[in-house]
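Undergrad: query.cif (mmCIF, C-alpha atoms) pasted underneath:
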```
data_input
#
loop_
_atom_site.label_atom_id
_atom_site.label_comp_id
_atom_site.auth_asym_id
_atom_site.auth_seq_id
_atom_site.Cartn_x
_atom_site.Cartn_y
_atom_site.Cartn_z
CA MET A 1 1.53 -14.07 -2.00
CA LYS A 2 3.38 -11.07 -0.68
CA LEU A 3 4.04 -9.06 -3.84
CA VAL A 4 6.95 -6.60 -3.88
CA SER A 5 8.65 -4.16 -6.19
CA TYR A 6 12.37 -4.90 -6.03
CA LYS A 7 15.70 -4.22 -7.65
CA LYS A 8 19.13 -5.61 -6.90
CA LYS A 9 21.50 -3.38 -4.96
CA ASN A 10 24.33 -4.04 -7.41
CA GLY A 11 23.35 -1.14 -9.66
CA ASP A 12 20.27 -2.53 -11.40
CA ASP A 13 18.10 0.50 -12.34
CA HIS A 14 14.91 -1.38 -13.13
CA TRP A 15 12.21 -2.22 -10.62
CA ARG A 16 10.76 -5.70 -11.08
CA ILE A 17 7.75 -7.51 -9.68
CA GLY A 18 8.58 -10.25 -7.23
CA CYS A 19 7.27 -11.91 -4.10
CA ILE A 20 8.62 -12.66 -0.66
CA HIS A 21 9.41 -16.25 0.25
CA GLN A 22 10.85 -16.69 3.74
CA ASP A 23 14.10 -14.63 3.69
CA SER A 24 14.24 -14.39 -0.11
CA VAL A 25 12.63 -12.64 -3.06
CA ILE A 26 11.44 -14.62 -6.08
CA ASP A 27 11.26 -12.89 -9.47
CA LEU A 28 7.80 -13.59 -10.85
CA GLN A 29 8.40 -13.04 -14.55
CA ALA A 30 11.42 -15.35 -14.46
CA SER A 31 9.38 -17.89 -12.51
CA TYR A 32 6.60 -17.77 -15.08
CA ARG A 33 9.14 -18.45 -17.84
CA VAL A 34 10.51 -21.45 -15.93
CA MET A 35 6.99 -22.81 -15.47
CA LEU A 36 6.13 -22.42 -19.16
CA LEU A 37 9.36 -24.14 -20.20
CA SER A 38 8.61 -27.08 -17.95
CA GLU A 39 5.07 -27.36 -19.33
CA ASN A 40 5.57 -26.66 -23.03
CA GLY A 41 9.24 -26.49 -23.95
CA GLU A 42 11.23 -23.72 -25.62
CA GLU A 43 9.30 -23.77 -28.90
CA ALA A 44 6.05 -22.71 -27.20
CA LEU A 45 7.56 -19.82 -25.21
CA PRO A 46 5.78 -16.53 -26.09
CA PRO A 47 7.38 -13.06 -25.81
CA LEU A 48 7.28 -12.76 -22.03
CA ASN A 49 6.59 -9.02 -21.74
CA GLU A 50 3.43 -9.56 -23.78
CA VAL A 51 2.00 -12.12 -21.38
CA PHE A 52 3.75 -11.36 -18.09
CA PRO A 53 5.29 -7.88 -17.61
CA SER A 54 8.22 -7.51 -15.25
CA ASN A 55 7.42 -3.90 -14.34
CA PRO A 56 5.33 -3.56 -11.14
CA SER A 57 3.10 -0.82 -12.62
CA ASP A 58 2.24 -2.91 -15.66
CA PHE A 59 1.77 -5.96 -13.46
CA PHE A 60 -0.94 -4.38 -11.30
CA LEU A 61 -2.58 -2.73 -14.33
CA SER A 62 -3.05 -6.26 -15.69
CA GLY A 63 -5.24 -7.11 -12.72
CA ILE A 64 -6.29 -10.25 -10.91
CA ASP A 65 -5.84 -12.62 -13.88
CA LEU A 66 -2.10 -11.94 -13.90
CA ILE A 67 -1.90 -12.35 -10.13
CA GLU A 68 -3.37 -15.83 -10.57
CA LYS A 69 -0.65 -16.63 -13.15
CA ALA A 70 1.95 -15.30 -10.72
CA ASN A 71 0.60 -17.55 -7.98
CA ARG A 72 0.97 -20.60 -10.22
CA ALA A 73 4.52 -19.63 -11.13
CA TYR A 74 5.45 -19.02 -7.50
CA ASP A 75 4.02 -22.40 -6.48
CA HIS A 76 6.00 -24.08 -9.26
CA ILE A 77 9.31 -22.64 -8.01
CA VAL A 78 8.63 -23.37 -4.33
CA GLU A 79 7.15 -26.85 -4.75
CA ASN A 80 10.13 -27.90 -6.89
CA ASN A 81 12.55 -26.26 -4.43
CA MET A 82 14.33 -24.31 -7.18
CA GLU A 83 16.71 -22.48 -4.85
CA ALA A 84 18.63 -20.97 -7.77
CA HIS A 85 15.66 -18.62 -8.18
CA PHE A 86 15.71 -17.46 -4.55
CA ILE A 87 17.30 -13.99 -4.27
CA LYS A 88 18.56 -13.21 -0.78
CA ARG A 89 16.49 -10.43 0.77
CA GLU A 90 19.52 -8.43 1.92
CA THR A 91 20.75 -8.09 -1.68
CA VAL A 92 17.67 -6.20 -2.91
CA ALA A 93 15.98 -2.86 -2.28
CA LEU A 94 12.21 -2.66 -2.05
CA GLY A 95 10.19 0.08 -3.75
CA ASN A 96 6.57 1.14 -3.69
CA PRO A 97 4.78 -2.06 -4.77
CA VAL A 98 2.00 -0.08 -6.51
CA PRO A 99 3.93 2.86 -7.99
CA SER A 100 1.54 4.24 -10.63
CA PRO A 101 -2.11 4.09 -9.58
CA SER A 102 -4.44 6.09 -11.80
CA LYS A 103 -6.31 7.10 -8.65
CA ILE A 104 -5.34 7.44 -4.99
CA ILE A 105 -8.57 7.76 -3.02
CA CYS A 106 -8.30 8.52 0.69
CA VAL A 107 -10.94 8.23 3.37
CA GLY A 108 -10.93 10.72 6.24
CA LYS A 109 -12.61 10.50 9.64
CA ASN A 110 -13.10 6.73 9.44
CA TYR A 111 -12.32 5.71 13.04
CA ALA A 112 -14.61 7.07 15.75
CA ASP A 113 -11.80 7.64 18.28
CA HIS A 114 -9.83 9.61 15.69
CA VAL A 115 -12.91 11.72 14.90
CA ALA A 116 -13.22 12.47 18.62
CA GLU A 117 -9.56 13.42 19.09
CA MET A 118 -9.83 15.80 16.12
CA GLN A 119 -12.88 17.39 17.81
CA SER A 120 -15.08 16.61 14.85
CA GLU A 121 -18.37 14.76 14.25
CA ILE A 122 -19.02 11.24 12.98
CA PRO A 123 -19.72 11.65 9.24
CA LYS A 124 -22.93 10.38 7.66
CA TYR A 125 -21.05 9.45 4.49
CA PRO A 126 -17.40 8.59 3.83
CA VAL A 127 -15.20 11.68 3.64
CA LEU A 128 -13.22 11.30 0.41
CA PHE A 129 -10.18 13.20 -0.79
CA ALA A 130 -7.35 12.52 -3.22
CA LYS A 131 -3.61 12.29 -3.32
CA PHE A 132 -1.40 12.31 -6.42
CA THR A 133 1.46 10.01 -7.40
CA ASN A 134 4.06 12.72 -6.69
CA ALA A 135 3.41 12.01 -2.99
CA LEU A 136 4.15 8.28 -3.15
CA ILE A 137 7.41 6.72 -2.00
CA GLY A 138 8.54 3.21 -1.18
CA PRO A 139 8.85 1.39 2.15
CA GLU A 140 12.59 2.06 2.45
CA ASP A 141 12.57 5.71 1.29
CA ALA A 142 12.81 8.82 3.44
CA ILE A 143 9.68 10.88 4.11
CA GLU A 144 10.63 14.31 2.81
CA LYS A 145 9.63 17.15 5.13
CA SER A 146 8.96 20.22 3.03
CA PRO A 147 10.05 23.63 4.36
CA SER A 148 6.44 24.68 3.65
CA THR A 149 5.22 22.86 6.77
CA GLU A 150 6.07 22.92 10.46
CA LYS A 151 3.33 20.46 11.41
CA LEU A 152 3.99 17.20 9.58
CA ASP A 153 1.98 14.31 11.06
CA TYR A 154 1.76 10.53 10.61
CA GLU A 155 -1.34 8.42 9.90
CA ALA A 156 -1.18 4.60 9.85
CA GLU A 157 -3.62 3.17 7.30
CA LEU A 158 -4.72 -0.07 5.70
CA VAL A 159 -4.58 0.32 1.90
CA ILE A 160 -6.79 -1.54 -0.58
CA VAL A 161 -5.29 -2.37 -3.99
CA ILE A 162 -7.84 -2.75 -6.78
CA GLY A 163 -7.46 -5.82 -9.01
CA LYS A 164 -10.35 -5.53 -11.46
CA GLN A 165 -12.30 -2.67 -13.00
CA ALA A 166 -15.02 -1.84 -10.48
CA SER A 167 -18.17 0.15 -11.16
CA LYS A 168 -21.43 -0.11 -9.19
CA VAL A 169 -20.00 -2.94 -7.09
CA LYS A 170 -22.25 -4.45 -4.43
CA LYS A 171 -20.89 -4.92 -0.90
CA GLU A 172 -21.31 -8.69 -1.01
CA ASN A 173 -19.09 -8.87 -4.13
CA ALA A 174 -16.44 -6.39 -3.00
CA GLY A 175 -13.72 -8.99 -2.46
CA ASP A 176 -13.88 -10.05 -6.11
CA TYR A 177 -12.41 -6.68 -7.11
CA ILE A 178 -9.57 -6.47 -4.60
CA ALA A 179 -6.07 -7.59 -5.58
CA GLY A 180 -4.72 -7.29 -2.06
CA TYR A 181 -3.80 -5.05 0.83
CA THR A 182 -0.77 -3.06 1.91
CA ILE A 183 0.34 -0.45 4.46
CA GLY A 184 0.23 3.30 3.93
CA ASN A 185 1.31 6.33 5.93
CA ASP A 186 -1.01 9.21 5.00
CA THR A 187 1.41 11.88 6.19
CA SER A 188 -0.39 15.17 6.64
CA ALA A 189 0.88 18.73 6.84
CA ARG A 190 -1.66 19.91 9.42
CA ASP A 191 -0.88 23.61 9.02
CA LEU A 192 -1.50 23.39 5.27
CA GLN A 193 -4.45 21.02 5.63
CA LYS A 194 -6.25 23.26 8.10
CA ARG A 195 -5.83 26.61 6.38
CA THR A 196 -8.64 25.94 3.88
CA PRO A 197 -11.80 23.75 3.92
CA GLN A 198 -10.21 21.46 1.30
CA TRP A 199 -7.46 19.14 2.58
CA LEU A 200 -5.57 18.44 -0.65
CA GLN A 201 -2.65 20.84 -0.11
CA GLY A 202 -1.81 19.22 3.22
CA LYS A 203 -2.03 15.68 1.87
CA SER A 204 -0.04 15.61 -1.39
CA LEU A 205 3.39 17.07 -0.65
CA ASP A 206 6.15 15.62 -2.81
CA ARG A 207 7.64 12.32 -1.66
CA SER A 208 5.75 12.25 1.62
CA THR A 209 3.55 9.13 1.54
CA PRO A 210 5.21 5.71 1.92
CA ILE A 211 3.44 2.56 0.72
CA GLY A 212 4.55 -1.03 1.29
CA PRO A 213 6.48 -3.11 1.99
CA CYS A 214 4.36 -5.62 0.08
CA VAL A 215 0.87 -6.23 -1.27
CA VAL A 216 -0.58 -9.29 0.42
CA THR A 217 -3.06 -10.92 -1.93
CA GLY A 218 -6.59 -11.43 -0.70
CA ASP A 219 -6.36 -15.22 -0.84
CA GLU A 220 -3.39 -15.18 1.57
CA LEU A 221 -4.54 -12.41 3.91
CA GLY A 222 -8.13 -13.57 4.19
CA ASP A 223 -10.60 -11.48 6.16
CA ALA A 224 -9.34 -7.89 6.52
CA SER A 225 -12.12 -6.79 8.85
CA SER A 226 -10.22 -7.18 12.13
CA LEU A 227 -6.51 -6.52 11.60
CA ALA A 228 -4.41 -4.97 14.35
CA ILE A 229 -2.89 -1.64 13.22
CA LYS A 230 -0.17 0.25 15.10
CA SER A 231 2.23 3.13 14.62
CA TYR A 232 5.40 4.14 16.46
CA VAL A 233 7.60 7.23 16.39
CA ASN A 234 11.19 6.58 17.44
CA GLY A 235 9.99 3.35 19.05
CA GLU A 236 7.20 4.98 21.10
CA GLU A 237 3.75 3.53 20.40
CA ARG A 238 1.39 6.24 19.16
CA GLN A 239 -1.54 4.43 17.50
CA SER A 240 -3.12 1.07 18.33
CA SER A 241 -6.45 -0.13 16.99
CA THR A 242 -7.98 -2.70 14.66
CA THR A 243 -9.77 -2.41 11.34
CA SER A 244 -12.90 -3.66 13.10
CA ASN A 245 -13.19 -0.07 14.36
CA LEU A 246 -13.63 1.38 10.87
CA ILE A 247 -16.81 3.45 10.71
CA PHE A 248 -17.23 2.53 7.03
CA ASN A 249 -15.84 -0.96 6.45
CA ILE A 250 -14.14 -2.24 3.32
CA PRO A 251 -17.23 -3.69 1.55
CA PHE A 252 -19.14 -0.46 2.24
CA LEU A 253 -16.29 1.67 0.89
CA MET A 254 -16.03 -0.46 -2.25
CA GLU A 255 -19.75 -0.07 -2.93
CA PHE A 256 -19.87 3.64 -2.06
CA ILE A 257 -16.78 4.69 -4.03
CA SER A 258 -17.43 2.52 -7.10
CA ASP A 259 -20.95 3.94 -7.31
CA LEU A 260 -19.38 7.36 -7.88
CA ILE A 261 -16.04 6.59 -9.53
CA THR A 262 -14.96 3.69 -11.73
CA LEU A 263 -11.96 2.03 -10.09
CA ASN A 264 -9.26 0.46 -12.26
CA PRO A 265 -6.65 -2.23 -11.60
CA GLY A 266 -3.77 -0.72 -9.67
CA ASP A 267 -5.84 2.03 -8.04
CA ILE A 268 -5.52 2.31 -4.27
CA ILE A 269 -7.87 3.29 -1.45
CA MET A 270 -6.38 4.50 1.84
CA THR A 271 -9.04 3.56 4.38
CA GLY A 272 -8.40 6.04 7.21
CA THR A 273 -6.35 6.25 10.39
CA PRO A 274 -7.13 5.48 14.06
CA ASP A 275 -6.60 7.81 17.02
CA GLY A 276 -3.16 8.68 18.33
CA VAL A 277 -1.94 11.18 15.73
CA GLY A 278 0.59 13.80 16.76
CA PHE A 279 -1.77 16.71 16.15
CA ALA A 280 -4.08 15.51 18.95
CA MET A 281 -1.38 15.00 21.61
CA ASP A 282 -0.99 17.44 24.51
CA PRO A 283 1.17 19.19 23.55
CA PRO A 284 1.07 18.28 19.83
CA GLN A 285 4.01 16.20 18.61
CA PHE A 286 4.91 16.74 14.97
CA LEU A 287 7.52 14.93 12.93
CA LYS A 288 11.00 16.40 12.70
CA ASP A 289 14.17 15.65 10.81
CA GLY A 290 15.58 12.23 11.73
CA ASP A 291 12.40 10.80 13.27
CA ARG A 292 11.65 7.13 12.54
CA VAL A 293 8.01 6.30 11.80
CA THR A 294 7.07 2.61 11.99
CA ILE A 295 3.70 1.18 10.99
CA GLU A 296 2.60 -2.40 11.55
CA ILE A 297 -0.52 -4.13 10.29
CA GLU A 298 -1.30 -7.69 11.26
CA ARG A 299 -0.66 -10.30 8.51
CA ILE A 300 0.83 -7.65 6.21
CA GLY A 301 4.04 -6.63 7.92
CA ARG A 302 6.03 -3.64 9.06
CA MET A 303 7.18 -0.46 7.33
CA GLU A 304 9.71 1.99 8.75
CA ASN A 305 10.67 5.34 7.22
CA THR A 306 12.93 8.14 8.39
CA VAL A 307 11.90 11.78 8.11
CA ARG A 308 14.32 14.00 6.17
CA SER A 309 14.08 17.80 5.97
CA TYR A 310 15.14 19.49 2.77
#
```
Can the structure from this file be put into structure tokens for me?
TA:
Amino acid sequence: MKLVSYKKKNGDDHWRIGCIHQDSVIDLQASYRVMLLSENGEEALPPLNEVFPSNPSDFFLSGIDLIEKANRAYDHIVENNMEAHFIKRETVALGNPVPSPSKIICVGKNYADHVAEMQSEIPKYPVLFAKFTNALIGPEDAIEKSPSTEKLDYEAELVIVIGKQASKVKKENAGDYIAGYTIGNDTSARDLQKRTPQWLQGKSLDRSTPIGPCVVTGDELGDASSLAIKSYVNGEERQSSTTSNLIFNIPFLMEFISDLITLNPGDIIMTGTPDGVGFAMDPPQFLKDGDRVTIEIERIGRMENTVRSY
């Protein structure tokens, strides 16, 4: 499934969990209700919010078991061709599909070519840092350029979404704890990032980090070890690589991080960016008001955000 956070453009204020089907969105809580009615009748229908929350945050906090229920409900709607439950894509807005992770763990220096362009050294261990939820925005939101920075940069990244509490996970079992994958843009204020040894201040500016447009579940995406990843600024290709070039691959990261920190459902790991960032260009090319940043990852999709100064 391609899981999305959506709301109708007709004034609905509440984000709901849904999934993409062709050129439509299917509401998953409503689909689950339809499936239960067909199986058990009205008299056996439980309070839906207790067994299947509509809110995307609560959905991902519920973990992989709920995703499996969602998959059954989605299959029921599609296999029975219940077109009344198909919501036309153009009538909805998409938000951050994982809006409230308890932890946002980022991995720096995780592509060798990027390490080289930043004139650094290959790390012996994963370089970890954090973001906070104030930085997160959705796939259709503007990246806000703070007046505190003159050197805002883009970083295309594959993002892991955790689906089950993970502590001391072994590499060979890593996939059992992953709900799915999405796209992230780890925007970085290089002037703020570089003024101290710690990177946090350059990585967590308000409303600067888009996530989306969907979370592709592991069963649909399959092997994430060799996905093409690209970024563009105003249509010009800037980054082009594959996740096979990760220095520390996904199973290694799951084992390494969960050995130190217990991961919970809904947490996200941003796995690092390839070479081609604006900071390393000659001359450097930083983001400015009105720029369009597009990121594509194979089998996940495409996310485009406009930069807005404030």
Undergrad: So which residues touch stretch 91-102 of chain A within 9 Å, counting only C-alpha atoms, skipping near sequence neighbours fewer than 3 positions away, as a tab-separated table (two decimals) with C-alpha atoms, in the coordinates of the input?
TA:
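Result file part-v1.tsv:
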```tsv
chain	number	residue	atom	x	y	z
A	3	LEU	CA	4.04	-9.06	-3.84
A	4	VAL	CA	6.95	-6.60	-3.88
A	5	SER	CA	8.65	-4.16	-6.19
A	6	TYR	CA	12.37	-4.90	-6.03
A	7	LYS	CA	15.70	-4.22	-7.65
A	8	LYS	CA	19.13	-5.61	-6.90
A	9	LYS	CA	21.50	-3.38	-4.96
A	10	ASN	CA	24.33	-4.04	-7.41
A	15	TRP	CA	12.21	-2.22	-10.62
A	17	ILE	CA	7.75	-7.51	-9.68
A	25	VAL	CA	12.63	-12.64	-3.06
A	56	PRO	CA	5.33	-3.56	-11.14
A	57	SER	CA	3.10	-0.82	-12.62
A	58	ASP	CA	2.24	-2.91	-15.66
A	60	PHE	CA	-0.94	-4.38	-11.30
A	61	LEU	CA	-2.58	-2.73	-14.33
A	87	ILE	CA	17.30	-13.99	-4.27
A	88	LYS	CA	18.56	-13.21	-0.78
A	132	PHE	CA	-1.40	12.31	-6.42
A	133	THR	CA	1.46	10.01	-7.40
A	136	LEU	CA	4.15	8.28	-3.15
A	137	ILE	CA	7.41	6.72	-2.00
A	138	GLY	CA	8.54	3.21	-1.18
A	139	PRO	CA	8.85	1.39	2.15
A	140	GLU	CA	12.59	2.06	2.45
A	141	ASP	CA	12.57	5.71	1.29
A	161	VAL	CA	-5.29	-2.37	-3.99
A	182	THR	CA	-0.77	-3.06	1.91
A	210	PRO	CA	5.21	5.71	1.92
A	211	ILE	CA	3.44	2.56	0.72
A	212	GLY	CA	4.55	-1.03	1.29
A	213	PRO	CA	6.48	-3.11	1.99
A	214	CYS	CA	4.36	-5.62	0.08
A	215	VAL	CA	0.87	-6.23	-1.27
A	263	LEU	CA	-11.96	2.03	-10.09
A	264	ASN	CA	-9.26	0.46	-12.26
A	265	PRO	CA	-6.65	-2.23	-11.60
A	266	GLY	CA	-3.77	-0.72	-9.67
A	267	ASP	CA	-5.84	2.03	-8.04
A	268	ILE	CA	-5.52	2.31	-4.27
```
Undergrad: Need the neighbours of (10.5, 8.6, 17.5): which residues are at most 6 Å away, counting all atoms listed in the file, as a list in words?
TA: Val233, Asn234, Gly235, Asp291 and Arg292 of chain A
Undergrad: Take the residues just selected and output them with C-alpha atoms as an mmCIF file, in the frame of the given file.
TA:
```cif
data_model
loop_
_atom_site.group_PDB
_atom_site.id
_atom_site.type_symbol
_atom_site.label_atom_id
_atom_site.label_comp_id
_atom_site.auth_asym_id
_atom_site.auth_seq_id
_atom_site.Cartn_x
_atom_site.Cartn_y
_atom_site.Cartn_z
ATOM 1 C CA VAL A 233 7.600 7.230 16.390
ATOM 2 C CA ASN A 234 11.190 6.580 17.440
ATOM 3 C CA GLY A 235 9.990 3.350 19.050
ATOM 4 C CA ASP A 291 12.400 10.800 13.270
ATOM 5 C CA ARG A 292 11.650 7.130 12.540
#
```
Undergrad: Which value, in Å to one decimal, gives the distance between atom CA of A:Lys171 and atom CA of A:Thr187?
TA: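 Pair atom CA of A:Lys171 / atom CA of A:Thr187 returns 28.8 Å.
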Undergrad: Enter the distance from atom CA of A:Ser188 to atom CA of A:Ile143, in Å, rounded to one decimal.
TA: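 Computing it gives 11.2 Å between the two atoms.
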Undergrad: Mind telling me what the PyMOL selection byres ((chain A and resi 245-252) around 7) catches here, as a list in words?
TA: Asn110, Tyr111, Ala112, Pro126, Lys171, Glu172, Ala174, Thr242, Thr243, Ser244, Leu253, Met254, Glu255 and Phe256 of chain A
Undergrad: Between atom CA of A:Ile261 and atom CA of A:Glu155, measure the distance and give it in Å to one decimal.
TA: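 Distance reported for this atom pair: 24.4 Å.
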Undergrad: Taking into account only C-alpha atoms, which residue in the set A:Asp13, A:Val169, A:Thr306, A:Gly202 is nearest to A:Leu287?
TA: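 Selected residue with least distance to A:Leu287: A:Thr306.
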Undergrad: Which residue gives the smallest distance to A:Ser240 among A:Ile104, A:Val277, A:Ala224, A:Ala70, with all atoms listed in the file counted?
TA: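 Nearest to A:Ser240: A:Val277.
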Undergrad: With all atoms listed in the file counted, which protein, DNA or RNA residues have an atom no more than 9 Å from (-5.1, -2.9, 3.7) in the file frame? Please answer as a ChimeraX atom specification.
TA: /A:157-161,180-184,215-216,224,227,243,269-271,297,300
Undergrad: Can I get the selection written as a PDB file, in the coordinates of the input, with C-alpha atoms?
TA:
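Done, and the output landed in result_17.pdb:
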```pdb
ATOM      1  CA  GLU A 157      -3.620   3.170   7.300  1.00  0.00           C
ATOM      2  CA  LEU A 158      -4.720  -0.070   5.700  1.00  0.00           C
ATOM      3  CA  VAL A 159      -4.580   0.320   1.900  1.00  0.00           C
ATOM      4  CA  ILE A 160      -6.790  -1.540  -0.580  1.00  0.00           C
ATOM      5  CA  VAL A 161      -5.290  -2.370  -3.990  1.00  0.00           C
ATOM      6  CA  GLY A 180      -4.720  -7.290  -2.060  1.00  0.00           C
ATOM      7  CA  TYR A 181      -3.800  -5.050   0.830  1.00  0.00           C
ATOM      8  CA  THR A 182      -0.770  -3.060   1.910  1.00  0.00           C
ATOM      9  CA  ILE A 183       0.340  -0.450   4.460  1.00  0.00           C
ATOM     10  CA  GLY A 184       0.230   3.300   3.930  1.00  0.00           C
ATOM     11  CA  VAL A 215       0.870  -6.230  -1.270  1.00  0.00           C
ATOM     12  CA  VAL A 216      -0.580  -9.290   0.420  1.00  0.00           C
ATOM     13  CA  ALA A 224      -9.340  -7.890   6.520  1.00  0.00           C
ATOM     14  CA  LEU A 227      -6.510  -6.520  11.600  1.00  0.00           C
ATOM     15  CA  THR A 243      -9.770  -2.410  11.340  1.00  0.00           C
ATOM     16  CA  ILE A 269      -7.870   3.290  -1.450  1.00  0.00           C
ATOM     17  CA  MET A 270      -6.380   4.500   1.840  1.00  0.00           C
ATOM     18  CA  THR A 271      -9.040   3.560   4.380  1.00  0.00           C
ATOM     19  CA  ILE A 297      -0.520  -4.130  10.290  1.00  0.00           C
ATOM     20  CA  ILE A 300       0.830  -7.650   6.210  1.00  0.00           C
TER      21      ILE A 300
END
```
Undergrad: Restricting the calculation to only C-alpha atoms: of A:Glu68, A:Glu304, A:Asp186, A:Asp289, which residue gets closest to A:Tyr232?
TA: A:Glu304
Undergrad: Using only C-alpha atoms, which residue out of A:Ile77, A:Met1, A:Cys106, A:Ile20 lies closest to A:Arg33?
TA: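 Smallest distance to A:Arg33 is found for A:Ile77.
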Undergrad: Which residue out of A:Val107, A:Leu36, A:Ile64, A:Ala189 has the minimum interatomic distance to A:Phe279 when only C-alpha atoms are used?
TA: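 Checking each of A:Val107, A:Leu36, A:Ile64, A:Ala189 against A:Phe279, counting only C-alpha atoms, the winner is A:Ala189.
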Undergrad: On this file, the PyMOL selection byres ((chain A and resi 85) around 10) gives some set of residues; write that set as a list in words.
TA: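 Those residues are Ser24, Val25, Ile26, Asp27, Leu28, Ala30, Ser31, Val34, Ile77, Val78, Asn81, Met82, Glu83, Ala84, Phe86, Ile87 and Lys88 of chain A.
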Undergrad: Store the residues picked out above in a file with C-alpha atoms, as a JSON list (two decimals), keeping the file's coordinate frame.
TA:
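Wrote it out as out06.json, contents follow:
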```json
[["chain", "number", "residue", "atom", "x", "y", "z"],
["A", 24, "SER", "CA", 14.24, -14.39, -0.11],
["A", 25, "VAL", "CA", 12.63, -12.64, -3.06],
["A", 26, "ILE", "CA", 11.44, -14.62, -6.08],
["A", 27, "ASP", "CA", 11.26, -12.89, -9.47],
["A", 28, "LEU", "CA", 7.80, -13.59, -10.85],
["A", 30, "ALA", "CA", 11.42, -15.35, -14.46],
["A", 31, "SER", "CA", 9.38, -17.89, -12.51],
["A", 34, "VAL", "CA", 10.51, -21.45, -15.93],
["A", 77, "ILE", "CA", 9.31, -22.64, -8.01],
["A", 78, "VAL", "CA", 8.63, -23.37, -4.33],
["A", 81, "ASN", "CA", 12.55, -26.26, -4.43],
["A", 82, "MET", "CA", 14.33, -24.31, -7.18],
["A", 83, "GLU", "CA", 16.71, -22.48, -4.85],
["A", 84, "ALA", "CA", 18.63, -20.97, -7.77],
["A", 86, "PHE", "CA", 15.71, -17.46, -4.55],
["A", 87, "ILE", "CA", 17.30, -13.99, -4.27],
["A", 88, "LYS", "CA", 18.56, -13.21, -0.78]]
```
